[in-house]
Amino acid sequence: MTQDLTYLLGDTRPEDGTLLEVAPGVHWLRLPLPFSLDHVNLYLLEDDAGWVIVDCGLNTENCRTAWTRILQDVIGSDPVQAIIGTHFHPDHVGLAGWLQEQTGAPLWMSRTEWLNARAFYLDTSEDFVDQMVGFYGRLGLGDGVGGEMRKIGNEYRKLVSPVPPAFNRIGPETTFEIGGRTWRPYFGAGHSPDHVCLFSEADNLMLGGDLLLPRITPIIAVWWTEPDANPLQDFFTFLDSMKGGKDEILVLPGHDGPYRGINFRIDALRSHHDERLEETIAACDRPASAAQVMKTLFTRELDLHQTRFAVGEALAHLHLLIEDGQITRELGENGTYRYGRAA
């Protein structure tokens with residue numbers, strides 16, 4: 001078994017908005033993000049019949065400019081056969097609708113991911129914001145944070161172009177024949193509800209999206225739309241399903257760089273969360289809010305964007321421990337949940 005990760009290209013990365021071929025007919029595109037995680041990886045698959053785009057980038061001027069150049073200078077008059085979204089997060093499908101307008105290509109996603117994208121994009125109701133603010137209030141973030149979130153509103157809608165009203169579903173039996181390869185889907189949850197990875201067994205290539213990142217851990221968080229979810233258990237189930245894969249597999253991730261060493265990485269991801277679970281239990285020696293547990297797990301200063309991720313991650317660990325019977329939850333008179341060790 002590989003004892004560490006091996007990066008295909010070392011520290012080499014494509015310049016933002018340019019393509020770098022990482023396997024015959026498989027091109028890596030890196031686009032900028034205006035967050036602390038400052039980039040997203042997308043992939044273009046080349047075929048005699050045209051191109052297939054895997055993930056799209058955020059709906060920003062920088063990303064649209066980069067895509068315009070690629071459509072003109074690289075793809076040119078060749079058709080785009082399909083646009084594939086690994087999951088509904090805006091850095092991955094933010095430009096799906098815009099790219100469909102430019103190319104006429106159909107969008108392919110798992111049904112649950114498309115439904116989430118469509119619902120988040122369309123929801124402009126006060127109920128959406130009220131639910132979000134109430135959820136974070138119960139976690140102990142305070143009125144100030146809630147007020148800032150109310151001002152922002154449905155941020156998802158601001159980060160994506162109109163989500164196409166129709167799509168093609170990626171199901172368990174779906175296959176894509178592209179460039180002489182057969183790509184089959186693997187589904188996983190935790191980071192998002194029904195994330196799709198694509199695997200070409202003959203070539204040991206895995207389009208891993210955000211589930212198999214090499215250096216950072218995917219965000220595994222509870223969100224206000226499913227406040228009692230147990231996403232960490234879902235993620236563990238996915239990791240268990242992938243364990244034992246060949247270490248020759250080249251993973252093409254949604255962030256950082258292509259790598260080999262999938263079993264080592266799965267072990268590292270599991271170990272990271274096991275350590276976090278121990279820290280979470282210790283943080284509940286005395287009854288604590290999710291916000292207090294968050295500050296134990298994340299000691300650096302966090303902006304509002306990062307705070308939502310961090311408290312959601314803390315809650316994901318708390319929910320797994322509640323289901324395991326190690327932690328209890330009670331709603332206090334002030335409307336904030338308190339978490340403590342089970343007797």
# chains A, B, ... in the order shown; residues from 1 in each chain; ligands from 1
call {"tool": "closest_atom_pairs", "arguments": {"of": "range 176-272 of chain A", "to": "range 86-96 of chain A", "cutoff": "12 Å", "atoms": "only C-alpha atoms", "output": "Markdown table"}}
result
| residue | atom | partner | partner_atom | distance |
| --- | --- | --- | --- | --- |
| A:Pro185 | CA | A:Thr86 | CA | 9.8 |
| A:Tyr186 | CA | A:Thr86 | CA | 10.3 |
| A:Phe187 | CA | A:Thr86 | CA | 9.5 |
| A:Gly188 | CA | A:His87 | CA | 10.1 |
| A:Ala189 | CA | A:His87 | CA | 10.0 |
| A:Gly190 | CA | A:His87 | CA | 11.4 |
| A:His191 | CA | A:His87 | CA | 9.1 |
| A:Ser192 | CA | A:His87 | CA | 6.8 |
| A:Pro193 | CA | A:His87 | CA | 8.3 |
| A:Asp194 | CA | A:His87 | CA | 7.2 |
| A:His195 | CA | A:His87 | CA | 5.0 |
| A:Val196 | CA | A:Thr86 | CA | 4.8 |
| A:Cys197 | CA | A:Thr86 | CA | 6.5 |
| A:Leu198 | CA | A:Thr86 | CA | 8.6 |
| A:Leu207 | CA | A:Thr86 | CA | 8.8 |
| A:Gly208 | CA | A:Thr86 | CA | 8.4 |
| A:Gly209 | CA | A:Thr86 | CA | 6.0 |
| A:Asp210 | CA | A:Thr86 | CA | 8.4 |
| A:Leu211 | CA | A:Thr86 | CA | 9.9 |
| A:Ile219 | CA | A:His89 | CA | 11.3 |
| A:Pro253 | CA | A:Thr86 | CA | 10.8 |
| A:Gly254 | CA | A:His92 | CA | 8.3 |
| A:His255 | CA | A:Asp91 | CA | 10.5 |
call {"tool": "write_last_selection", "arguments": {"atoms": "N, CA and C atoms", "output": "compact mmCIF listing (two decimals), in the first residue's frame"}}
result
# COMPACT_ATOMS: atom_id res chain seq x y z
N PRO A 185 -20.43 5.95 -12.43
CA PRO A 185 -20.59 6.80 -11.25
C PRO A 185 -20.41 6.05 -9.94
N TYR A 186 -19.82 6.73 -8.99
CA TYR A 186 -19.81 6.32 -7.58
C TYR A 186 -20.45 7.45 -6.80
N PHE A 187 -21.37 7.10 -5.91
CA PHE A 187 -22.13 8.11 -5.18
C PHE A 187 -21.68 8.17 -3.73
N GLY A 188 -21.65 9.37 -3.19
CA GLY A 188 -21.28 9.53 -1.79
C GLY A 188 -21.99 10.72 -1.18
N ALA A 189 -22.18 10.67 0.12
CA ALA A 189 -22.85 11.76 0.84
C ALA A 189 -21.94 12.26 1.95
N GLY A 190 -22.41 13.31 2.61
CA GLY A 190 -21.65 13.91 3.70
C GLY A 190 -21.28 15.34 3.36
N HIS A 191 -20.55 15.51 2.27
CA HIS A 191 -20.23 16.86 1.82
C HIS A 191 -21.43 17.50 1.14
N SER A 192 -22.16 16.70 0.41
CA SER A 192 -23.43 17.08 -0.20
C SER A 192 -24.27 15.81 -0.24
N PRO A 193 -25.56 15.91 -0.56
CA PRO A 193 -26.43 14.76 -0.31
C PRO A 193 -26.25 13.58 -1.25
N ASP A 194 -25.83 13.78 -2.50
CA ASP A 194 -25.73 12.67 -3.45
C ASP A 194 -24.66 12.98 -4.49
N HIS A 195 -23.48 13.25 -3.99
CA HIS A 195 -22.32 13.64 -4.79
C HIS A 195 -21.93 12.51 -5.74
N VAL A 196 -21.57 12.88 -6.97
CA VAL A 196 -21.16 11.90 -7.98
C VAL A 196 -19.65 11.99 -8.22
N CYS A 197 -18.97 10.85 -8.09
CA CYS A 197 -17.62 10.69 -8.60
C CYS A 197 -17.71 9.82 -9.85
N LEU A 198 -16.79 9.97 -10.78
CA LEU A 198 -16.78 9.17 -12.00
C LEU A 198 -15.46 8.41 -12.08
N LEU A 207 -12.56 10.87 -11.21
CA LEU A 207 -12.96 12.26 -11.05
C LEU A 207 -13.64 12.36 -9.70
N GLY A 208 -12.92 12.87 -8.71
CA GLY A 208 -13.34 12.74 -7.31
C GLY A 208 -14.15 13.88 -6.75
N GLY A 209 -14.30 14.98 -7.50
CA GLY A 209 -15.05 16.11 -6.94
C GLY A 209 -14.47 16.55 -5.61
N ASP A 210 -15.35 16.77 -4.64
CA ASP A 210 -14.91 17.26 -3.33
C ASP A 210 -14.88 16.17 -2.26
N LEU A 211 -15.13 14.92 -2.61
CA LEU A 211 -15.16 13.87 -1.60
C LEU A 211 -13.78 13.30 -1.29
N ILE A 219 -15.64 19.75 3.53
CA ILE A 219 -16.55 20.26 4.56
C ILE A 219 -17.66 19.24 4.77
N PRO A 253 -9.08 15.66 -8.19
CA PRO A 253 -9.96 16.24 -7.17
C PRO A 253 -10.49 17.61 -7.57
N GLY A 254 -11.49 18.06 -6.81
CA GLY A 254 -12.09 19.36 -7.05
C GLY A 254 -11.25 20.53 -6.57
N HIS A 255 -10.24 20.26 -5.76
CA HIS A 255 -9.33 21.29 -5.27
C HIS A 255 -7.95 20.66 -5.09
call {"tool": "closest_atom_pairs", "arguments": {"of": "range 241-275 of chain A", "to": "range 9-23 of chain A", "cutoff": "9 Å", "atoms": "only C-alpha atoms", "output": "JSON lines"}}
result
{"residue": "A:Leu252", "atom": "CA", "partner": "A:Val22", "partner_atom": "CA", "distance": 8.9}
{"residue": "A:Asp256", "atom": "CA", "partner": "A:Arg13", "partner_atom": "CA", "distance": 8.4}
{"residue": "A:Gly257", "atom": "CA", "partner": "A:Arg13", "partner_atom": "CA", "distance": 7.2}
{"residue": "A:Pro258", "atom": "CA", "partner": "A:Leu9", "partner_atom": "CA", "distance": 7.5}
{"residue": "A:Tyr259", "atom": "CA", "partner": "A:Leu9", "partner_atom": "CA", "distance": 8.3}
call {"tool": "closest_residue", "arguments": {"among": "A:Val145, A:Leu212, A:Met109, A:Ala314", "to": "Pro172 in chain A", "atoms": "only C-alpha atoms"}}
result
A:Met109
